[in-house]
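As structure tokens, the structure follows; a few thoughts come after it.
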Amino acid sequence: MSQSSTVDVIIPVFNGGRTIVSAINSVLSGQGSHLHKIIVVNDGSDDNTAECVKSFANPLVELICTPNQGVAKARNLGIEKATADWVAFLDADDLWMPGKLDAQLQVAFKYGADFICGSGSAQNELKSSLILPQSLAQGNFIVTSSVLVKRSLVQRMQPVFTPKMTFAEDYLAWLKCVTLTKGYYIGEKHVEYSLSKHPRYHLGQIMLNITRLNFEYARFLRNTEANWGKRYDLSWTLFKGSIRSVLSIVKRFVGAYGASVNNK
């Protein structure tokens, strides 16, 4: 990999008029010469999102407007439009720290990794290390807005994000990536990650999508060259991790419900 590698940044957004300007500015500021294009996919917003993006009048910022189809299809469309060596993702309510791309590309070059991610402000700090599929299957520690991945990898995986999934579609995508290629986690904080105080999804919706996560990953493994033992190990590890995730989510729902009751 050349250290002069270029990066296209994909930002899906729905009604993000309050945050999209800050998100784009965090990419334009302090990211060095690697930035090739910022692809903003406006997913059917009915607020002033499009006007906010157009206000940049910057050739690096490309706006694509589509009917509302969901974040998975928005990200997949961004990948289709990308032409740089690498693809990075940023959610419209998150921010990048200065120097993110430089730091990640240096690590990618050093370790020969095609998938790089880093820390967000709302997660526990983990030590920098290679990402094994077995460790990621135990639970999702990857912040989507920190991900940098080789475009040649995600191109051959299309659709990278499963359109039928409305929750954990990013987790499934990262599991596929680190199963196919070497991944590396950087313990340094590179993203200001916005975490909602209240759950954004219905509990039933979460349960359905976690079930689909396990089914889709098992089907993906059957189509790889991994032997049966490894496929079983990864599927079983993901299943156990999913149970822990569900318990954690239920606890969060109970906490949010209790807080709403106490505030009445």
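All residue names refer to the structure tokens as shown: chains lettered A, B, ... in order, residues numbered from 1 in each chain, ligands numbered from 1 in order.
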
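The list of residues with at least one atom within 7 Å of Thr144 in chain A, based on only C-alpha atoms and without residues fewer than 3 positions apart in the same chain, reads Phe89, Leu90, Val147 and Asp170 of chain A.
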
For this session: Would you list the contacts of Pro163 in chain A as a list of chain:residue names, taking every protein, DNA or RNA residue within 9 Å and counting only C-alpha atoms, but skipping same-chain residues closer than 2 positions in sequence?
Result: A:Gln69, A:Gly70, A:Val71, A:Ala72, A:Lys73, A:Asn76, A:Pro159, A:Phe161, A:Met165, A:Thr166, A:Glu169

For this session: Tell me which protein, DNA and RNA residues are within 8 Å of range 183-196 of chain A, counting only C-alpha atoms, leaving out same-chain ones fewer than 4 positions away, and put them as an MDAnalysis selection string.
Result: chainID A and resid 93:98 100 104 107:108 111 113:122 125:132 143 145:146 177:178 200

Problem set entry | Length of the CA of Ala218 in chain A to CA of Ala173 in chain A vector [Å] |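 A separation of 12.9 Å between them.
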
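Distances from A:Lys150, A:Lys230, A:Lys176, A:His202 to Glu216 in chain A were compared using only C-alpha atoms, and the smallest one belongs to A:Lys176.
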
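Within 9 Å of Leu28 in chain A, once only C-alpha atoms are used and residues closer than 5 positions along the same chain are dropped, the contacting residues are Leu35, Ile38 and Leu60 of chain A.
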
Exercise. Hey, what's within 9 Å of Lys37 in chain A if we count only C-alpha atoms and toss same-chain stuff fewer than 2 positions away? As an MDAnalysis selection string, please?
Worked result: chainID A and resid 6:10 35 39 59:62 82:84

Exercise. Between A:Gly44, A:Gly32, A:Gly229, A:Pro12, which has the minimum distance to Gly78 in chain A (counting only C-alpha atoms)?
Worked result: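 Of A:Gly44, A:Gly32, A:Gly229, A:Pro12, the one nearest Gly78 in chain A is A:Pro12, counting only C-alpha atoms.
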
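The residue that comes closest to Val27 in chain A, out of A:Met157, A:Leu101, A:Val13, A:Cys52 and on the basis of only C-alpha atoms, is A:Leu101.
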
Exercise. In range 111-225 of chain A, what's alpha helix (DSSP H) per DSSP? Answer as a ChimeraX atom specification?
Worked result: /A:111,133-137,151-155,169-180,203-222

Just-selected residues, C-alpha atoms written as a PDB file, in the first residue's frame:
ATOM      1  CA  TYR A 111       0.601  -4.011   9.625  1.00  0.00           C
ATOM      2  CA  PRO A 133     -13.031 -12.670  13.910  1.00  0.00           C
ATOM      3  CA  GLN A 134     -13.389 -14.661  17.131  1.00  0.00           C
ATOM      4  CA  SER A 135     -12.912 -11.544  19.285  1.00  0.00           C
ATOM      5  CA  LEU A 136     -15.342  -9.424  17.265  1.00  0.00           C
ATOM      6  CA  ALA A 137     -17.942 -12.226  17.309  1.00  0.00           C
ATOM      7  CA  ARG A 151     -12.382  -0.142  -1.440  1.00  0.00           C
ATOM      8  CA  SER A 152     -11.368  -3.269  -3.361  1.00  0.00           C
ATOM      9  CA  LEU A 153     -12.537  -5.350  -0.371  1.00  0.00           C
ATOM     10  CA  VAL A 154     -15.971  -3.790   0.067  1.00  0.00           C
ATOM     11  CA  GLN A 155     -16.565  -3.710  -3.682  1.00  0.00           C
ATOM     12  CA  GLU A 169     -26.258  -4.097   9.840  1.00  0.00           C
ATOM     13  CA  ASP A 170     -22.912  -2.405  10.477  1.00  0.00           C
ATOM     14  CA  TYR A 171     -21.842  -5.160  12.899  1.00  0.00           C
ATOM     15  CA  LEU A 172     -22.551  -7.807  10.254  1.00  0.00           C
ATOM     16  CA  ALA A 173     -20.532  -5.850   7.681  1.00  0.00           C
ATOM     17  CA  TRP A 174     -17.492  -5.586   9.976  1.00  0.00           C
ATOM     18  CA  LEU A 175     -17.695  -9.287  10.868  1.00  0.00           C
ATOM     19  CA  LYS A 176     -17.539 -10.111   7.161  1.00  0.00           C
ATOM     20  CA  CYS A 177     -14.612  -7.744   6.621  1.00  0.00           C
ATOM     21  CA  VAL A 178     -12.388  -9.124   9.382  1.00  0.00           C
ATOM     22  CA  THR A 179     -13.258 -12.690   8.328  1.00  0.00           C
ATOM     23  CA  LEU A 180     -11.947 -11.958   4.826  1.00  0.00           C
ATOM     24  CA  LEU A 203     -37.007  -4.174  21.507  1.00  0.00           C
ATOM     25  CA  GLY A 204     -38.819  -6.503  19.103  1.00  0.00           C
ATOM     26  CA  GLN A 205     -37.024  -4.880  16.169  1.00  0.00           C
ATOM     27  CA  ILE A 206     -33.684  -5.427  17.885  1.00  0.00           C
ATOM     28  CA  MET A 207     -34.432  -9.096  18.599  1.00  0.00           C
ATOM     29  CA  LEU A 208     -35.465  -9.694  14.989  1.00  0.00           C
ATOM     30  CA  ASN A 209     -32.322  -8.093  13.611  1.00  0.00           C
ATOM     31  CA  ILE A 210     -29.974  -9.914  15.978  1.00  0.00           C
ATOM     32  CA  THR A 211     -31.574 -13.176  14.851  1.00  0.00           C
ATOM     33  CA  ARG A 212     -30.998 -12.122  11.250  1.00  0.00           C
ATOM     34  CA  LEU A 213     -27.407 -11.174  12.119  1.00  0.00           C
ATOM     35  CA  ASN A 214     -26.683 -14.744  13.206  1.00  0.00           C
ATOM     36  CA  PHE A 215     -28.438 -16.257  10.198  1.00  0.00           C
ATOM     37  CA  GLU A 216     -26.739 -13.999   7.645  1.00  0.00           C
ATOM     38  CA  TYR A 217     -23.268 -14.481   9.121  1.00  0.00           C
ATOM     39  CA  ALA A 218     -23.683 -18.258   9.179  1.00  0.00           C
ATOM     40  CA  ARG A 219     -24.730 -18.155   5.527  1.00  0.00           C
ATOM     41  CA  PHE A 220     -21.745 -15.944   4.717  1.00  0.00           C
ATOM     42  CA  LEU A 221     -19.376 -18.394   6.407  1.00  0.00           C
ATOM     43  CA  ARG A 222     -20.767 -21.284   4.378  1.00  0.00           C
TER      44      ARG A 222
END

Problem set entry | 8 Å contact set for range 241-245 of chain A, only C-alpha atoms, chain neighbours under 2 positions out, as a PyMOL selection string | chain A and resi 137-139+210+237-239+247-249

Exercise. What is the distance between CA of Ala57 in chain A and CA of Ser26 in chain A, in Å to one decimal?
Worked result: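 Spanning CA of Ala57 in chain A to CA of Ser26 in chain A is a straight-line distance of 16.1 Å.
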
For this session: Compare A:Lys240, A:Asp233, A:Glu80, A:Gln31 by their minimum atom-to-atom distance to Ala103 in chain A, counting only C-alpha atoms, and give me the closest one.
Result: A:Gln31

Problem set entry | Nearest candidate to Ile79 in chain A (options A:Ala168, A:Cys65, A:Ile11, A:Ala226; using only C-alpha atoms) |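 Looking only at the distances to Ile79 in chain A, the closest residue turns out to be A:Ile11.
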
Exercise. What gap, in Å, lies between CA of Ala50 in chain A and CA of Asn68 in chain A?
Worked result: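 Here the two named atoms are 13.5 Å from each other.
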
Exercise. Quick one: of A:Ala23, A:Glu51, A:Val149, A:Val160, who's nearest to Trp86 in chain A, counting only C-alpha atoms?
Worked result: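 Comparing A:Ala23, A:Glu51, A:Val149, A:Val160 against Trp86 in chain A, the winner is A:Val149.
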
Problem set entry | Contact residues around Ile64 in chain A with only C-alpha atoms at 7 Å, ignoring same-chain residues under 6 positions, as a list of chain:residue names |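 Residues meeting the cut-off are A:Val40, A:Val41, A:Asn42.
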
Taking C-alpha atoms for each residue, export the selection above as a PDB file, in the first residue's frame.
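Everything below was put into selection.pdb:
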ATOM      1  CA  VAL A  40     -23.022  12.721   1.407  1.00  0.00           C
ATOM      2  CA  VAL A  41     -26.032  10.482   0.738  1.00  0.00           C
ATOM      3  CA  ASN A  42     -29.137  12.433   1.713  1.00  0.00           C
TER       4      ASN A  42
END
